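Printed here is coords-v1.cif (mmCIF, N, CA and C atoms):
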data_run
loop_
_atom_site.label_atom_id
_atom_site.label_comp_id
_atom_site.auth_asym_id
_atom_site.auth_seq_id
_atom_site.Cartn_x
_atom_site.Cartn_y
_atom_site.Cartn_z
N MET G 1 0.85 -1.17 0.00
CA MET G 1 0.00 0.00 0.00
C MET G 1 0.90 1.24 0.00
N ASN G 2 0.94 1.94 -1.12
CA ASN G 2 1.79 3.12 -1.23
C ASN G 2 1.02 4.41 -1.46
N ASP G 3 -0.29 4.33 -1.67
CA ASP G 3 -1.07 5.54 -1.86
C ASP G 3 -1.07 6.34 -0.55
N PRO G 4 -0.56 7.58 -0.58
CA PRO G 4 -0.47 8.35 0.66
C PRO G 4 -1.79 8.48 1.42
N ARG G 5 -2.89 8.66 0.71
CA ARG G 5 -4.19 8.79 1.39
C ARG G 5 -4.54 7.51 2.15
N GLU G 6 -4.25 6.36 1.55
CA GLU G 6 -4.55 5.09 2.22
C GLU G 6 -3.68 4.89 3.46
N VAL G 7 -2.41 5.27 3.36
CA VAL G 7 -1.51 5.14 4.51
C VAL G 7 -1.99 6.02 5.66
N VAL G 8 -2.35 7.26 5.36
CA VAL G 8 -2.84 8.18 6.39
C VAL G 8 -4.15 7.67 6.97
N GLU G 9 -5.01 7.13 6.14
CA GLU G 9 -6.28 6.57 6.62
C GLU G 9 -6.03 5.37 7.55
N GLN G 10 -5.04 4.55 7.20
CA GLN G 10 -4.69 3.40 8.05
C GLN G 10 -4.20 3.87 9.42
N GLN G 11 -3.36 4.91 9.45
CA GLN G 11 -2.88 5.39 10.75
C GLN G 11 -4.02 6.02 11.54
N LEU G 12 -4.96 6.68 10.86
CA LEU G 12 -6.12 7.26 11.55
C LEU G 12 -6.97 6.16 12.19
N ALA G 13 -7.20 5.08 11.47
CA ALA G 13 -7.98 3.95 12.02
C ALA G 13 -7.28 3.37 13.24
N ALA G 14 -5.96 3.24 13.18
CA ALA G 14 -5.21 2.71 14.32
C ALA G 14 -5.28 3.68 15.50
N TYR G 15 -5.19 4.98 15.23
CA TYR G 15 -5.29 6.00 16.27
C TYR G 15 -6.66 5.92 16.95
N ASN G 16 -7.70 5.86 16.15
CA ASN G 16 -9.06 5.86 16.71
C ASN G 16 -9.39 4.57 17.45
N SER G 17 -8.73 3.48 17.12
CA SER G 17 -8.96 2.21 17.83
C SER G 17 -7.94 1.99 18.95
N HIS G 18 -7.05 2.96 19.13
CA HIS G 18 -6.04 2.94 20.19
C HIS G 18 -5.11 1.74 20.07
N ASP G 19 -4.78 1.36 18.84
CA ASP G 19 -3.88 0.24 18.56
C ASP G 19 -2.48 0.80 18.32
N ILE G 20 -1.68 0.87 19.37
CA ILE G 20 -0.37 1.50 19.28
C ILE G 20 0.54 0.80 18.29
N ASP G 21 0.50 -0.52 18.22
CA ASP G 21 1.38 -1.24 17.29
C ASP G 21 1.03 -0.94 15.84
N ALA G 22 -0.25 -0.97 15.51
CA ALA G 22 -0.69 -0.66 14.14
C ALA G 22 -0.41 0.81 13.81
N PHE G 23 -0.59 1.69 14.77
CA PHE G 23 -0.33 3.11 14.58
C PHE G 23 1.13 3.35 14.24
N VAL G 24 2.02 2.86 15.07
CA VAL G 24 3.46 3.07 14.88
C VAL G 24 3.94 2.41 13.59
N ALA G 25 3.33 1.31 13.20
CA ALA G 25 3.75 0.59 11.99
C ALA G 25 3.51 1.39 10.71
N THR G 26 2.69 2.44 10.76
CA THR G 26 2.44 3.26 9.57
C THR G 26 3.51 4.33 9.39
N TYR G 27 4.46 4.42 10.32
CA TYR G 27 5.49 5.45 10.30
C TYR G 27 6.86 4.88 9.98
N ALA G 28 7.68 5.68 9.32
CA ALA G 28 9.07 5.31 9.02
C ALA G 28 9.87 5.26 10.32
N GLU G 29 10.93 4.47 10.33
CA GLU G 29 11.79 4.36 11.51
C GLU G 29 12.30 5.71 11.98
N ASP G 30 12.61 6.60 11.05
CA ASP G 30 13.19 7.90 11.39
C ASP G 30 12.19 9.05 11.26
N VAL G 31 10.92 8.77 11.42
CA VAL G 31 9.87 9.79 11.27
C VAL G 31 10.21 11.04 12.09
N LEU G 32 9.87 12.20 11.53
CA LEU G 32 9.99 13.46 12.24
C LEU G 32 8.59 14.04 12.41
N VAL G 33 8.23 14.31 13.66
CA VAL G 33 6.93 14.90 13.98
C VAL G 33 7.19 16.25 14.64
N ARG G 34 6.66 17.30 14.00
CA ARG G 34 6.74 18.64 14.56
C ARG G 34 5.40 18.95 15.19
N ARG G 35 5.41 19.13 16.50
CA ARG G 35 4.17 19.29 17.26
C ARG G 35 3.72 20.74 17.33
N ARG G 36 2.47 20.92 17.75
CA ARG G 36 1.87 22.26 17.82
C ARG G 36 2.63 23.19 18.76
N ASP G 37 3.22 22.65 19.80
CA ASP G 37 3.93 23.48 20.78
C ASP G 37 5.37 23.79 20.37
N GLY G 38 5.77 23.35 19.18
CA GLY G 38 7.12 23.60 18.69
C GLY G 38 8.11 22.49 18.99
N SER G 39 7.71 21.54 19.82
CA SER G 39 8.60 20.42 20.12
C SER G 39 8.59 19.42 18.97
N ARG G 40 9.55 18.51 18.99
CA ARG G 40 9.68 17.52 17.93
C ARG G 40 9.80 16.12 18.52
N LEU G 41 9.29 15.17 17.77
CA LEU G 41 9.51 13.76 18.06
C LEU G 41 10.32 13.21 16.89
N GLN G 42 11.33 12.43 17.16
CA GLN G 42 12.15 11.85 16.10
C GLN G 42 12.21 10.34 16.30
N GLY G 43 11.69 9.60 15.34
CA GLY G 43 11.77 8.15 15.35
C GLY G 43 10.55 7.46 15.93
N ARG G 44 10.42 6.18 15.54
CA ARG G 44 9.28 5.38 16.00
C ARG G 44 9.23 5.22 17.50
N HIS G 45 10.39 5.06 18.14
CA HIS G 45 10.40 4.85 19.59
C HIS G 45 9.85 6.07 20.32
N ALA G 46 10.25 7.25 19.88
CA ALA G 46 9.74 8.49 20.50
C ALA G 46 8.24 8.62 20.26
N LEU G 47 7.80 8.25 19.07
CA LEU G 47 6.37 8.31 18.73
C LEU G 47 5.58 7.38 19.65
N ARG G 48 6.07 6.15 19.81
CA ARG G 48 5.40 5.19 20.70
C ARG G 48 5.34 5.72 22.13
N ASP G 49 6.47 6.24 22.62
CA ASP G 49 6.52 6.74 23.99
C ASP G 49 5.54 7.90 24.20
N ALA G 50 5.39 8.75 23.19
CA ALA G 50 4.51 9.91 23.31
C ALA G 50 3.03 9.53 23.26
N TYR G 51 2.69 8.56 22.42
CA TYR G 51 1.27 8.23 22.20
C TYR G 51 0.75 7.10 23.09
N ALA G 52 1.61 6.24 23.59
CA ALA G 52 1.16 5.08 24.38
C ALA G 52 0.29 5.47 25.58
N PRO G 53 0.65 6.50 26.35
CA PRO G 53 -0.19 6.85 27.50
C PRO G 53 -1.61 7.28 27.10
N GLN G 54 -1.74 8.10 26.06
CA GLN G 54 -3.09 8.54 25.69
C GLN G 54 -3.87 7.39 25.06
N PHE G 55 -3.21 6.47 24.37
CA PHE G 55 -3.89 5.29 23.84
C PHE G 55 -4.39 4.42 24.99
N ALA G 56 -3.56 4.28 26.03
CA ALA G 56 -3.94 3.46 27.19
C ALA G 56 -5.19 4.01 27.87
N GLU G 57 -5.34 5.34 27.87
CA GLU G 57 -6.53 5.96 28.46
C GLU G 57 -7.77 5.74 27.61
N GLY G 58 -7.58 5.49 26.31
CA GLY G 58 -8.69 5.17 25.42
C GLY G 58 -9.65 6.30 25.12
N ARG G 59 -9.21 7.55 25.32
CA ARG G 59 -10.12 8.66 25.12
C ARG G 59 -9.90 9.40 23.81
N CYS G 60 -8.72 9.28 23.22
CA CYS G 60 -8.41 10.08 22.03
C CYS G 60 -9.09 9.53 20.78
N ARG G 61 -9.48 10.48 19.94
CA ARG G 61 -10.13 10.13 18.68
C ARG G 61 -10.03 11.35 17.78
N ALA G 62 -9.80 11.11 16.49
CA ALA G 62 -9.73 12.20 15.53
C ALA G 62 -10.85 12.04 14.50
N GLU G 63 -11.50 13.14 14.22
CA GLU G 63 -12.56 13.19 13.22
C GLU G 63 -12.04 14.04 12.06
N ILE G 64 -12.12 13.50 10.85
CA ILE G 64 -11.65 14.23 9.69
C ILE G 64 -12.76 15.15 9.17
N LEU G 65 -12.46 16.45 9.13
CA LEU G 65 -13.40 17.43 8.61
C LEU G 65 -13.15 17.68 7.13
N GLY G 66 -11.91 17.47 6.70
CA GLY G 66 -11.55 17.64 5.29
C GLY G 66 -10.18 17.06 5.03
N ARG G 67 -9.94 16.65 3.80
CA ARG G 67 -8.65 16.06 3.44
C ARG G 67 -8.29 16.47 2.02
N LEU G 68 -7.03 16.90 1.85
CA LEU G 68 -6.47 17.21 0.54
C LEU G 68 -5.20 16.40 0.37
N SER G 69 -4.85 16.10 -0.87
CA SER G 69 -3.59 15.42 -1.11
C SER G 69 -3.00 15.86 -2.44
N GLU G 70 -1.68 15.82 -2.48
CA GLU G 70 -0.94 16.12 -3.70
C GLU G 70 0.41 15.42 -3.59
N GLY G 71 0.69 14.55 -4.54
CA GLY G 71 1.96 13.83 -4.50
C GLY G 71 2.09 13.02 -3.23
N ASP G 72 3.22 13.23 -2.53
CA ASP G 72 3.50 12.51 -1.27
C ASP G 72 2.77 13.07 -0.06
N TRP G 73 2.09 14.21 -0.22
CA TRP G 73 1.54 14.93 0.92
C TRP G 73 0.03 14.74 1.07
N VAL G 74 -0.39 14.61 2.33
CA VAL G 74 -1.80 14.59 2.70
C VAL G 74 -1.98 15.64 3.78
N VAL G 75 -2.99 16.48 3.63
CA VAL G 75 -3.30 17.51 4.62
C VAL G 75 -4.69 17.24 5.16
N ASP G 76 -4.76 17.05 6.46
CA ASP G 76 -6.05 16.79 7.12
C ASP G 76 -6.45 17.98 7.98
N HIS G 77 -7.73 18.32 7.90
CA HIS G 77 -8.35 19.23 8.86
C HIS G 77 -9.08 18.30 9.82
N GLU G 78 -8.59 18.23 11.04
CA GLU G 78 -9.09 17.26 12.01
C GLU G 78 -9.74 17.97 13.19
N LEU G 79 -10.62 17.24 13.84
CA LEU G 79 -11.16 17.65 15.12
C LEU G 79 -10.71 16.57 16.11
N ALA G 80 -9.81 16.95 17.02
CA ALA G 80 -9.24 16.01 17.98
C ALA G 80 -10.11 15.98 19.23
N HIS G 81 -10.59 14.81 19.56
CA HIS G 81 -11.45 14.59 20.73
C HIS G 81 -10.67 13.88 21.83
N GLY G 82 -10.99 14.20 23.07
CA GLY G 82 -10.45 13.47 24.21
C GLY G 82 -9.12 13.97 24.72
N LEU G 83 -8.57 15.00 24.11
CA LEU G 83 -7.29 15.53 24.58
C LEU G 83 -7.48 16.71 25.53
N ALA G 84 -8.65 17.31 25.47
CA ALA G 84 -9.02 18.44 26.33
C ALA G 84 -10.52 18.35 26.57
N ASP G 85 -11.05 19.24 27.36
CA ASP G 85 -12.49 19.22 27.65
C ASP G 85 -13.32 19.37 26.38
N ASP G 86 -12.87 20.23 25.48
CA ASP G 86 -13.58 20.46 24.22
C ASP G 86 -12.72 19.95 23.06
N PRO G 87 -13.35 19.57 21.95
CA PRO G 87 -12.58 19.14 20.77
C PRO G 87 -11.67 20.27 20.29
N ILE G 88 -10.51 19.87 19.74
CA ILE G 88 -9.50 20.81 19.29
C ILE G 88 -9.39 20.72 17.77
N PRO G 89 -9.61 21.83 17.04
CA PRO G 89 -9.41 21.79 15.60
C PRO G 89 -7.91 21.80 15.28
N VAL G 90 -7.52 20.98 14.32
CA VAL G 90 -6.10 20.81 14.01
C VAL G 90 -5.93 20.71 12.49
N LEU G 91 -4.90 21.37 11.98
CA LEU G 91 -4.43 21.13 10.61
C LEU G 91 -3.14 20.35 10.73
N VAL G 92 -3.05 19.25 10.01
CA VAL G 92 -1.86 18.40 10.09
C VAL G 92 -1.48 17.93 8.70
N THR G 93 -0.17 17.97 8.42
CA THR G 93 0.33 17.47 7.14
C THR G 93 1.10 16.19 7.38
N TYR G 94 0.94 15.26 6.47
CA TYR G 94 1.64 13.98 6.50
C TYR G 94 2.38 13.82 5.17
N ARG G 95 3.66 13.46 5.22
CA ARG G 95 4.38 13.11 4.00
C ARG G 95 4.60 11.61 4.03
N VAL G 96 4.23 10.95 2.93
CA VAL G 96 4.34 9.50 2.83
C VAL G 96 5.38 9.17 1.76
N ARG G 97 6.37 8.41 2.16
CA ARG G 97 7.42 7.96 1.24
C ARG G 97 7.57 6.45 1.41
N GLU G 98 7.61 5.75 0.29
CA GLU G 98 7.78 4.29 0.30
C GLU G 98 6.77 3.60 1.21
N GLY G 99 5.55 4.12 1.21
CA GLY G 99 4.46 3.48 1.94
C GLY G 99 4.41 3.75 3.43
N LEU G 100 5.26 4.66 3.93
CA LEU G 100 5.29 4.99 5.36
C LEU G 100 5.30 6.50 5.55
N ILE G 101 4.72 6.95 6.63
CA ILE G 101 4.73 8.37 6.96
C ILE G 101 6.11 8.71 7.52
N ASP G 102 6.80 9.65 6.86
CA ASP G 102 8.14 10.01 7.35
C ASP G 102 8.22 11.42 7.92
N ARG G 103 7.14 12.19 7.76
CA ARG G 103 7.13 13.54 8.34
C ARG G 103 5.70 13.94 8.63
N VAL G 104 5.53 14.58 9.79
CA VAL G 104 4.22 15.09 10.22
C VAL G 104 4.44 16.49 10.77
N ASP G 105 3.60 17.42 10.33
CA ASP G 105 3.66 18.79 10.85
C ASP G 105 2.25 19.18 11.33
N PHE G 106 2.14 19.48 12.62
CA PHE G 106 0.90 20.00 13.16
C PHE G 106 0.96 21.52 13.00
N LEU G 107 0.03 22.06 12.22
CA LEU G 107 0.08 23.48 11.85
C LEU G 107 -0.77 24.37 12.73
N SER G 108 -1.65 23.81 13.50
CA SER G 108 -2.47 24.62 14.40
C SER G 108 -2.88 23.81 15.59
#
Can you give me the file's structure in the form of structure tokens?
Amino acid sequence: MNDPREVVEQQLAAYNSHDIDAFVATYAEDVLVRRRDGSRLQGRHALRDAYAPQFAEGRCRAEILGRLSEGDWVVDHELAHGLADDPIPVLVTYRVREGLIDRVDFLS
């Protein structure tokens, strides 16, 4: 599966079902994630460490409000549930190379 939209959809399904192994498997070993607060996660291990606690709580869920794609890039307008009292609107870009997400930028 190399279509970027399908890869991003697979990671979304894993996120929403709180399946940390399936979630991490959609990312490249050296993935770079730039977070909303300006911090960065580098690599699958850091990604697992960051997301495992919220997956264990079972409250997080993302709702897609809109999706665009061009080439290797997918841009989602998401509504993140369970991270705060109210849903959080988020713009996030995913770059997919060789069937894996290798870069993520949270833009808002």
(message) Residues within 8 Å of (-2.2, 3.7, 21.9), file coordinates, counting only C-alpha atoms: what are they? Give the list as a VMD selection string.
(response) chain G and resid 15 18 to 21 23 48 51 to 56 58
(message) When you count only C-alpha atoms, which of these residues is closest to G:Asp72: G:Ile101, G:Leu107, G:Leu32, G:Val24?
(response)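 Using only C-alpha atoms, the shortest distance to G:Asp72 belongs to G:Ile101.
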(message) Which residue is closest to G:Trp73? Choose from G:Asp49, G:Asp102, G:Asp30, G:Asp37 and count only C-alpha atoms.
(response)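 Of all the options, G:Asp102 lies closest to G:Trp73.
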(request) Within 8 Å of G:Val75, counting all atoms listed in the file, which residues show up once you throw out same-chain ones fewer than 3 positions away? Write them as JSON, numbers by chain, please. (result) {"G": [66, 67, 68, 69, 70, 72, 78, 91, 92, 93, 94, 95]}
(request) Compare G:Val33, G:Val90, G:Gly71, G:Ile64 by their minimum atom-to-atom distance to G:Pro4, counting all atoms listed in the file, and give me the closest one. (result)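 For G:Pro4, the nearest of the given residues is G:Gly71.
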(message) Which residues would end up in the selection if the PyMOL selection byres ((chain G and resi 3) around 8) were applied here, given that I need the answer as a ChimeraX atom specification?
(response) /G:1-2,4-9,71-72,96,98-100
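Reported to one decimal place, the separation of atom CA of G:Arg44 from atom CA of G:Glu29 is 5.2 Å.
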(request) Report the residues of chain G whose backbone DSSP state falls under strand (DSSP E), written as a ChimeraX atom specification. (result) /G:27-34,40-42,61-70,73-81,88-97,100-106
Go ahead and write the selection's residues with N, CA and C atoms as a compact mmCIF listing (two decimals), keeping the file's coordinate frame.
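This went into again-v9.txt:
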# COMPACT_ATOMS: atom_id res chain seq x y z
N TYR G 27 4.46 4.42 10.32
CA TYR G 27 5.49 5.45 10.30
C TYR G 27 6.86 4.88 9.98
N ALA G 28 7.68 5.68 9.32
CA ALA G 28 9.07 5.31 9.02
C ALA G 28 9.87 5.26 10.32
N GLU G 29 10.93 4.47 10.33
CA GLU G 29 11.79 4.36 11.51
C GLU G 29 12.30 5.71 11.98
N ASP G 30 12.61 6.60 11.05
CA ASP G 30 13.19 7.90 11.39
C ASP G 30 12.19 9.05 11.26
N VAL G 31 10.92 8.77 11.42
CA VAL G 31 9.87 9.79 11.27
C VAL G 31 10.21 11.04 12.09
N LEU G 32 9.87 12.20 11.53
CA LEU G 32 9.99 13.46 12.24
C LEU G 32 8.59 14.04 12.41
N VAL G 33 8.23 14.31 13.66
CA VAL G 33 6.93 14.90 13.98
C VAL G 33 7.19 16.25 14.64
N ARG G 34 6.66 17.30 14.00
CA ARG G 34 6.74 18.64 14.56
C ARG G 34 5.40 18.95 15.19
N ARG G 40 9.55 18.51 18.99
CA ARG G 40 9.68 17.52 17.93
C ARG G 40 9.80 16.12 18.52
N LEU G 41 9.29 15.17 17.77
CA LEU G 41 9.51 13.76 18.06
C LEU G 41 10.32 13.21 16.89
N GLN G 42 11.33 12.43 17.16
CA GLN G 42 12.15 11.85 16.10
C GLN G 42 12.21 10.34 16.30
N ARG G 61 -9.48 10.48 19.94
CA ARG G 61 -10.13 10.13 18.68
C ARG G 61 -10.03 11.35 17.78
N ALA G 62 -9.80 11.11 16.49
CA ALA G 62 -9.73 12.20 15.53
C ALA G 62 -10.85 12.04 14.50
N GLU G 63 -11.50 13.14 14.22
CA GLU G 63 -12.56 13.19 13.22
C GLU G 63 -12.04 14.04 12.06
N ILE G 64 -12.12 13.50 10.85
CA ILE G 64 -11.65 14.23 9.69
C ILE G 64 -12.76 15.15 9.17
N LEU G 65 -12.46 16.45 9.13
CA LEU G 65 -13.40 17.43 8.61
C LEU G 65 -13.15 17.68 7.13
N GLY G 66 -11.91 17.47 6.70
CA GLY G 66 -11.55 17.64 5.29
C GLY G 66 -10.18 17.06 5.03
N ARG G 67 -9.94 16.65 3.80
CA ARG G 67 -8.65 16.06 3.44
C ARG G 67 -8.29 16.47 2.02
N LEU G 68 -7.03 16.90 1.85
CA LEU G 68 -6.47 17.21 0.54
C LEU G 68 -5.20 16.40 0.37
N SER G 69 -4.85 16.10 -0.87
CA SER G 69 -3.59 15.42 -1.11
C SER G 69 -3.00 15.86 -2.44
N GLU G 70 -1.68 15.82 -2.48
CA GLU G 70 -0.94 16.12 -3.70
C GLU G 70 0.41 15.42 -3.59
N TRP G 73 2.09 14.21 -0.22
CA TRP G 73 1.54 14.93 0.92
C TRP G 73 0.03 14.74 1.07
N VAL G 74 -0.39 14.61 2.33
CA VAL G 74 -1.80 14.59 2.70
C VAL G 74 -1.98 15.64 3.78
N VAL G 75 -2.99 16.48 3.63
CA VAL G 75 -3.30 17.51 4.62
C VAL G 75 -4.69 17.24 5.16
N ASP G 76 -4.76 17.05 6.46
CA ASP G 76 -6.05 16.79 7.12
C ASP G 76 -6.45 17.98 7.98
N HIS G 77 -7.73 18.32 7.90
CA HIS G 77 -8.35 19.23 8.86
C HIS G 77 -9.08 18.30 9.82
N GLU G 78 -8.59 18.23 11.04
CA GLU G 78 -9.09 17.26 12.01
C GLU G 78 -9.74 17.97 13.19
N LEU G 79 -10.62 17.24 13.84
CA LEU G 79 -11.16 17.65 15.12
C LEU G 79 -10.71 16.57 16.11
N ALA G 80 -9.81 16.95 17.02
CA ALA G 80 -9.24 16.01 17.98
C ALA G 80 -10.11 15.98 19.23
N HIS G 81 -10.59 14.81 19.56
CA HIS G 81 -11.45 14.59 20.73
C HIS G 81 -10.67 13.88 21.83
N ILE G 88 -10.51 19.87 19.74
CA ILE G 88 -9.50 20.81 19.29
C ILE G 88 -9.39 20.72 17.77
N PRO G 89 -9.61 21.83 17.04
CA PRO G 89 -9.41 21.79 15.60
C PRO G 89 -7.91 21.80 15.28
N VAL G 90 -7.52 20.98 14.32
CA VAL G 90 -6.10 20.81 14.01
C VAL G 90 -5.93 20.71 12.49
N LEU G 91 -4.90 21.37 11.98
CA LEU G 91 -4.43 21.13 10.61
C LEU G 91 -3.14 20.35 10.73
N VAL G 92 -3.05 19.25 10.01
CA VAL G 92 -1.86 18.40 10.09
C VAL G 92 -1.48 17.93 8.70
N THR G 93 -0.17 17.97 8.42
CA THR G 93 0.33 17.47 7.14
C THR G 93 1.10 16.19 7.38
N TYR G 94 0.94 15.26 6.47
CA TYR G 94 1.64 13.98 6.50
C TYR G 94 2.38 13.82 5.17
N ARG G 95 3.66 13.46 5.22
CA ARG G 95 4.38 13.11 4.00
C ARG G 95 4.60 11.61 4.03
N VAL G 96 4.23 10.95 2.93
CA VAL G 96 4.34 9.50 2.83
C VAL G 96 5.38 9.17 1.76
N ARG G 97 6.37 8.41 2.16
CA ARG G 97 7.42 7.96 1.24
C ARG G 97 7.57 6.45 1.41
N LEU G 100 5.26 4.66 3.93
CA LEU G 100 5.29 4.99 5.36
C LEU G 100 5.30 6.50 5.55
N ILE G 101 4.72 6.95 6.63
CA ILE G 101 4.73 8.37 6.96
C ILE G 101 6.11 8.71 7.52
N ASP G 102 6.80 9.65 6.86
CA ASP G 102 8.14 10.01 7.35
C ASP G 102 8.22 11.42 7.92
N ARG G 103 7.14 12.19 7.76
CA ARG G 103 7.13 13.54 8.34
C ARG G 103 5.70 13.94 8.63
N VAL G 104 5.53 14.58 9.79
CA VAL G 104 4.22 15.09 10.22
C VAL G 104 4.44 16.49 10.77
N ASP G 105 3.60 17.42 10.33
CA ASP G 105 3.66 18.79 10.85
C ASP G 105 2.25 19.18 11.33
N PHE G 106 2.14 19.48 12.62
CA PHE G 106 0.90 20.00 13.16
C PHE G 106 0.96 21.52 13.00
(request) Please indicate the distance in Å from atom N of G:Gly82 to atom CA of G:Asn16, rounded to one decimal place. (result) 10.7 Å
(request) Just give me the gap between atom N of G:Val74 and atom C of G:Glu57 in Å, one decimal is fine. (result)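 Atom-to-atom, atom N of G:Val74 and atom C of G:Glu57 are spaced 27.8 Å apart.
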(request) Run DSSP on the backbone and grab whatever in stretch 40-93 of chain G lands in helix (DSSP H, G or I); send it over as a count of residues only. (result) 14
(request) Check the smallest atom-to-atom distance from each of G:Ser17, G:Phe106, G:Arg34, G:Leu79 to G:Leu65 using only C-alpha atoms, then report the winner. (result) G:Leu79
So that all listed atoms of stretch 39-58 of chain G fit with 5 Å spare on each side, what axis-aligned box centre and edge lengths in Å, to one decimal, would you give as lines of an AutoDock Vina configuration file?
center_x = 1.3
center_y = 12.5
center_z = 21.9
size_x = 31.9
size_y = 28.1
size_z = 23.1
